[in-house]
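Structure data (compact mmCIF, C-alpha atoms and all ligand atoms) from entry23.txt:
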```txt
# COMPACT_ATOMS: atom_id res chain seq x y z
CA MET Y 1 -5.41 14.63 13.71
CA THR Y 2 -3.10 12.14 12.13
CA GLN Y 3 0.05 13.22 13.87
CA ASP Y 4 -1.56 12.46 17.23
CA GLN Y 5 -1.95 8.84 16.15
CA VAL Y 6 1.66 8.41 15.02
CA SER Y 7 4.33 9.76 17.35
CA GLU Y 8 7.03 12.09 16.10
CA ALA Y 9 9.60 9.57 17.30
CA GLU Y 10 8.01 6.89 15.11
CA ILE Y 11 8.00 9.19 12.05
CA LEU Y 12 11.66 10.10 12.62
CA ARG Y 13 12.56 6.42 13.05
CA ARG Y 14 10.73 5.29 9.90
CA PHE Y 15 11.98 8.10 7.63
CA PRO Y 16 15.66 8.54 8.56
CA ASP Y 17 16.44 9.62 4.98
CA VAL Y 18 13.88 12.45 4.89
CA ARG Y 19 14.48 15.98 6.08
CA LEU Y 20 11.41 16.27 8.30
CA ASP Y 21 10.00 19.57 9.48
CA PRO Y 22 6.71 20.80 10.98
CA ASP Y 23 5.34 21.47 7.48
CA ASN Y 24 5.86 17.98 6.08
CA MET Y 25 5.53 15.89 9.27
CA PRO Y 26 1.74 15.33 8.88
CA HIS Y 27 2.29 14.07 5.31
CA TYR Y 28 4.75 11.42 6.50
CA ALA Y 29 2.56 10.49 9.46
CA GLY Y 30 -0.22 9.93 6.93
CA LEU Y 31 1.96 7.66 4.81
CA LEU Y 32 2.47 5.35 7.79
CA GLN Y 33 -1.33 5.10 8.02
CA ARG Y 34 -1.76 4.69 4.26
CA ARG Y 35 -3.47 8.06 3.98
CA LEU Y 36 -2.30 10.59 1.40
CA LEU Y 37 -2.34 13.93 3.22
CA ILE Y 38 -1.58 17.18 1.44
CA ASN Y 39 -1.37 20.60 3.02
CA ARG Y 40 -4.34 22.88 2.50
CA CYS Y 41 -4.99 26.47 3.42
CA THR Y 42 -7.95 26.75 5.79
CA ARG Y 43 -8.57 30.34 4.72
CA CYS Y 44 -8.76 30.13 0.90
CA ARG Y 45 -8.98 26.28 0.68
CA THR Y 46 -6.06 26.03 -1.78
CA TRP Y 47 -4.13 22.76 -1.70
CA HIS Y 48 -0.40 22.94 -2.13
CA THR Y 49 2.58 20.71 -2.44
CA PRO Y 50 5.43 20.69 -1.60
CA PRO Y 51 4.46 21.61 1.96
CA ARG Y 52 5.14 25.16 3.06
CA SER Y 53 4.22 27.12 6.16
CA ILE Y 54 2.60 29.93 4.15
CA CYS Y 55 -0.16 29.66 1.57
CA HIS Y 56 1.25 30.74 -1.79
CA ARG Y 57 -2.14 32.15 -2.79
CA CYS Y 58 -3.35 34.21 0.20
CA TRP Y 59 -0.27 34.24 2.47
CA SER Y 60 -2.15 32.70 5.36
CA HIS Y 61 -0.27 30.64 7.94
CA GLU Y 62 -3.40 28.57 8.59
CA ILE Y 63 -2.26 25.37 6.89
CA VAL Y 64 -3.62 21.92 7.73
CA ALA Y 65 -2.89 18.57 6.10
CA GLU Y 66 -6.05 17.00 4.67
CA GLU Y 67 -6.63 13.65 3.01
CA VAL Y 68 -7.18 13.65 -0.74
CA SER Y 69 -9.59 11.34 -2.56
CA GLY Y 70 -6.83 9.54 -4.45
CA GLU Y 71 -8.53 10.07 -7.80
CA GLY Y 72 -6.54 11.69 -10.57
CA VAL Y 73 -5.25 11.66 -14.11
CA VAL Y 74 -1.73 10.94 -15.32
CA ALA Y 75 -0.19 14.25 -16.44
CA LEU Y 76 3.42 13.23 -17.13
CA VAL Y 77 5.07 9.87 -17.79
CA THR Y 78 8.61 8.66 -18.07
CA PHE Y 79 10.03 5.16 -18.15
CA LEU Y 80 13.31 4.61 -16.36
CA HIS Y 81 15.65 2.16 -18.09
CA GLN Y 82 18.20 2.55 -15.33
CA GLY Y 83 18.39 4.21 -11.97
CA PRO Y 84 19.62 3.96 -8.43
CA PRO Y 85 19.21 0.60 -6.74
CA ALA Y 86 15.91 0.45 -4.87
CA SER Y 87 14.14 -2.45 -3.26
CA ASP Y 88 11.32 -3.87 -5.37
CA VAL Y 89 12.32 -1.78 -8.39
CA SER Y 90 13.40 -3.59 -11.54
CA TYR Y 91 14.66 -1.70 -14.54
CA THR Y 92 14.66 -4.80 -16.76
CA THR Y 93 11.22 -3.71 -17.92
CA PRO Y 94 11.36 0.10 -17.88
CA TYR Y 95 10.03 1.39 -14.58
CA PRO Y 96 7.15 3.87 -14.93
CA VAL Y 97 7.37 7.18 -13.10
CA VAL Y 98 4.25 9.30 -13.37
CA THR Y 99 3.04 12.65 -12.18
CA VAL Y 100 -0.64 12.49 -11.33
CA GLU Y 101 -2.85 15.55 -11.30
CA LEU Y 102 -5.23 15.01 -8.41
CA ALA Y 103 -8.96 15.56 -8.79
CA GLU Y 104 -9.00 18.06 -5.93
CA GLN Y 105 -7.41 20.93 -7.80
CA ARG Y 106 -5.95 21.86 -11.16
CA ALA Y 107 -2.14 21.48 -11.17
CA LEU Y 108 -2.10 19.72 -7.79
CA ARG Y 109 0.30 16.94 -8.65
CA VAL Y 110 2.13 14.10 -6.98
CA THR Y 111 4.89 11.96 -8.45
CA SER Y 112 4.66 8.22 -8.06
CA THR Y 113 4.37 5.06 -10.16
CA VAL Y 114 1.60 3.02 -11.76
CA VAL Y 115 1.04 -0.62 -10.74
CA ASP Y 116 -1.32 -3.38 -11.92
CA CYS Y 117 -1.24 -2.00 -15.45
CA PRO Y 118 0.40 -3.07 -18.71
CA ARG Y 119 3.06 -0.64 -19.82
CA SER Y 120 1.30 0.01 -23.13
CA MET Y 121 -1.70 1.41 -21.24
CA ILE Y 122 0.29 3.94 -19.19
CA GLY Y 123 0.04 7.36 -20.78
CA ILE Y 124 -1.02 10.94 -20.32
CA GLY Y 125 -4.73 11.15 -19.58
CA LEU Y 126 -5.05 7.73 -17.94
CA ALA Y 127 -7.53 7.97 -15.05
CA VAL Y 128 -5.96 6.50 -11.92
CA THR Y 129 -6.82 5.73 -8.32
CA LEU Y 130 -4.54 5.73 -5.31
CA THR Y 131 -3.26 2.43 -4.03
CA TRP Y 132 -0.40 1.52 -1.71
CA ILE Y 133 2.81 -0.42 -2.17
CA GLU Y 134 5.53 -1.26 0.34
CA ARG Y 135 9.06 -0.04 -0.23
CA SER Y 136 11.91 -0.40 2.25
CA GLY Y 137 9.38 -1.46 4.86
CA ARG Y 138 7.26 1.67 4.49
CA PRO Y 139 3.90 2.25 2.81
CA ARG Y 140 4.27 4.30 -0.33
CA PRO Y 141 1.52 5.80 -2.48
CA ALA Y 142 1.14 4.45 -6.00
CA PHE Y 143 -1.63 4.52 -8.59
CA ARG Y 144 -3.53 1.95 -10.59
CA PRO Y 145 -5.97 2.44 -13.45
CA SER Y 146 -9.38 3.54 -12.21
CA SER Y 147 -12.15 0.98 -12.55
CA PRO Y 148 -14.45 1.65 -15.47
CA ARG Y 149 -17.72 3.21 -14.32
ZN ZN P 201 -4.69 30.49 1.27
```
As structure tokens, the full file:
Amino acid sequence: MTQDQVSEAEILRRFPDVRLDPDNMPHYAGLLQRRLLINRCTRCRTWHTPPRSICHRCWSHEIVAEEVSGEGVVALVTFLHQGPPASDVSYTTPYPVVTVELAEQRALRVTSTVVDCPRSMIGIGLAVTLTWIERSGRPRPAFRPSSPR
């Protein structure tokens, strides 16, 4: 299990700005290992985010964080022309913020950005693959266009 490999103290130290709890702790442990973990019900196998202690579908408490494939499709796009100061974020060329629907399940979405891609190519329906960027000294999930098959 991921959390065994990253101590709680390390997670707390690396994410001082996040309200950590037992439901989201495995997700943040995964980020430090560059693994995108999302909570999944072991009873009905439904993925869900944001993390909760009860499955919204079958009400089971048997929730475990599992790694997703990282494959998905852009479902929403916005370009920020201004925003709060953030390291490695420039608003001089509008900064893309996307919501990606993951291949694992319909409507299972994560919000991130797209890298290694011209702005004109970023749009709804773009097939993307998980990649990792560094922000404020922490790994952060991002997406890049999927390689043509
Ligand atoms: Zn369930």
Where does chain Y meet ligand ZN 201 (chain P) within 10 Å, residue by residue, with the nearest atom pair and distance in Å to one decimal for each, counting all atoms listed in the file, listed by chain and rising number, as CSV?
```
residue,atom,partner,partner_atom,distance
Y:Arg40,CA,P:ZN201,ZN,7.7
Y:Cys41,CA,P:ZN201,ZN,4.6
Y:Thr42,CA,P:ZN201,ZN,6.7
Y:Arg43,CA,P:ZN201,ZN,5.2
Y:Cys44,CA,P:ZN201,ZN,4.1
Y:Arg45,CA,P:ZN201,ZN,6.0
Y:Thr46,CA,P:ZN201,ZN,5.6
Y:Trp47,CA,P:ZN201,ZN,8.3
Y:His48,CA,P:ZN201,ZN,9.3
Y:Ile54,CA,P:ZN201,ZN,7.9
Y:Cys55,CA,P:ZN201,ZN,4.6
Y:His56,CA,P:ZN201,ZN,6.7
Y:Arg57,CA,P:ZN201,ZN,5.1
Y:Cys58,CA,P:ZN201,ZN,4.1
Y:Trp59,CA,P:ZN201,ZN,5.9
Y:Ser60,CA,P:ZN201,ZN,5.3
Y:His61,CA,P:ZN201,ZN,8.0
Y:Glu62,CA,P:ZN201,ZN,7.7
Y:Ile63,CA,P:ZN201,ZN,8.0
```
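As for atom CA of Phe79 of chain Y and atom CA of Leu102 of chain Y, they are spaced 20.6 Å apart.
Closest approach to Val68 of chain Y among Y:Arg34, Y:Arg52, Y:His81, Y:Arg14: Y:Arg34, based on all atoms listed in the file.
Between His27 of chain Y and the candidates Y:Pro141, Y:Cys117, Y:Thr131, Y:Pro85, the tightest atom-to-atom separation, counting only C-alpha atoms, involves Y:Pro141.
If you measure from each of Y:Gly70, Y:Pro84, Y:Pro26, Y:Pro145 to Ala127 of chain Y using only C-alpha atoms, the closest one turns out to be Y:Pro145.
When all atoms listed in the file are used to measure the gap to Glu101 of chain Y, the shortest distance among Y:Val6, Y:Asn39, Y:Leu76, Y:Val18 belongs to Y:Leu76.
Here the question is which of Y:Thr78, Y:Ser87, Y:Gln33, Y:Ser69 gets nearest to Val114 of chain Y using only C-alpha atoms, and that residue is Y:Thr78.
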(request) May I have the residues within 9 Å of Thr129 of chain Y as number ranges by chain, using all atoms listed in the file and disregarding those fewer than 4 positions away in the same chain? (result) Y: 69-73, 142-147
(request) Kindly give the distance, in Å, that separates atom CA of Ala9 of chain Y and atom CA of Leu130 of chain Y, rounded to a single decimal. (result) 26.9 Å
(message) So that I can see what lies close to Leu80 of chain Y, please list as a list in words the residues with an atom at most 10 Å from it, counting only C-alpha atoms and leaving out residues fewer than 5 positions away in the same chain.
(response) Ser90, Tyr91, Thr92, Thr93, Pro94, Tyr95, Pro96 and Val97 of chain Y
(request) Using all atoms listed in the file, determine which residues lie at most 7 Å from Val100 of chain Y, disregarding the query and same-chain residues fewer than 4 positions distant; provide the list as a PyMOL selection string. (result) chain Y and resi 72-75+109-111
Report the centre and edge lengths, in Å to one decimal, of an axis-aligned box enclosing every atom of segment 118-125 of chain Y listed in the file, padded by 8 Å on each side, as lines of an AutoDock Vina configuration file.
```
center_x = -0.8
center_y = 4.0
center_z = -20.9
size_x = 23.8
size_y = 30.2
size_z = 20.4
```
(message) Report, in Å with one decimal, the straight-line distance from atom CA of Thr99 of chain Y to atom CA of Thr113 of chain Y.
(response) 8.0 Å
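The shortest atom-to-atom distance to Pro51 of chain Y, with all atoms listed in the file taken into account, belongs to Y:Pro22 out of Y:Asp88, Y:Pro22, Y:Gly83, Y:Gly30.
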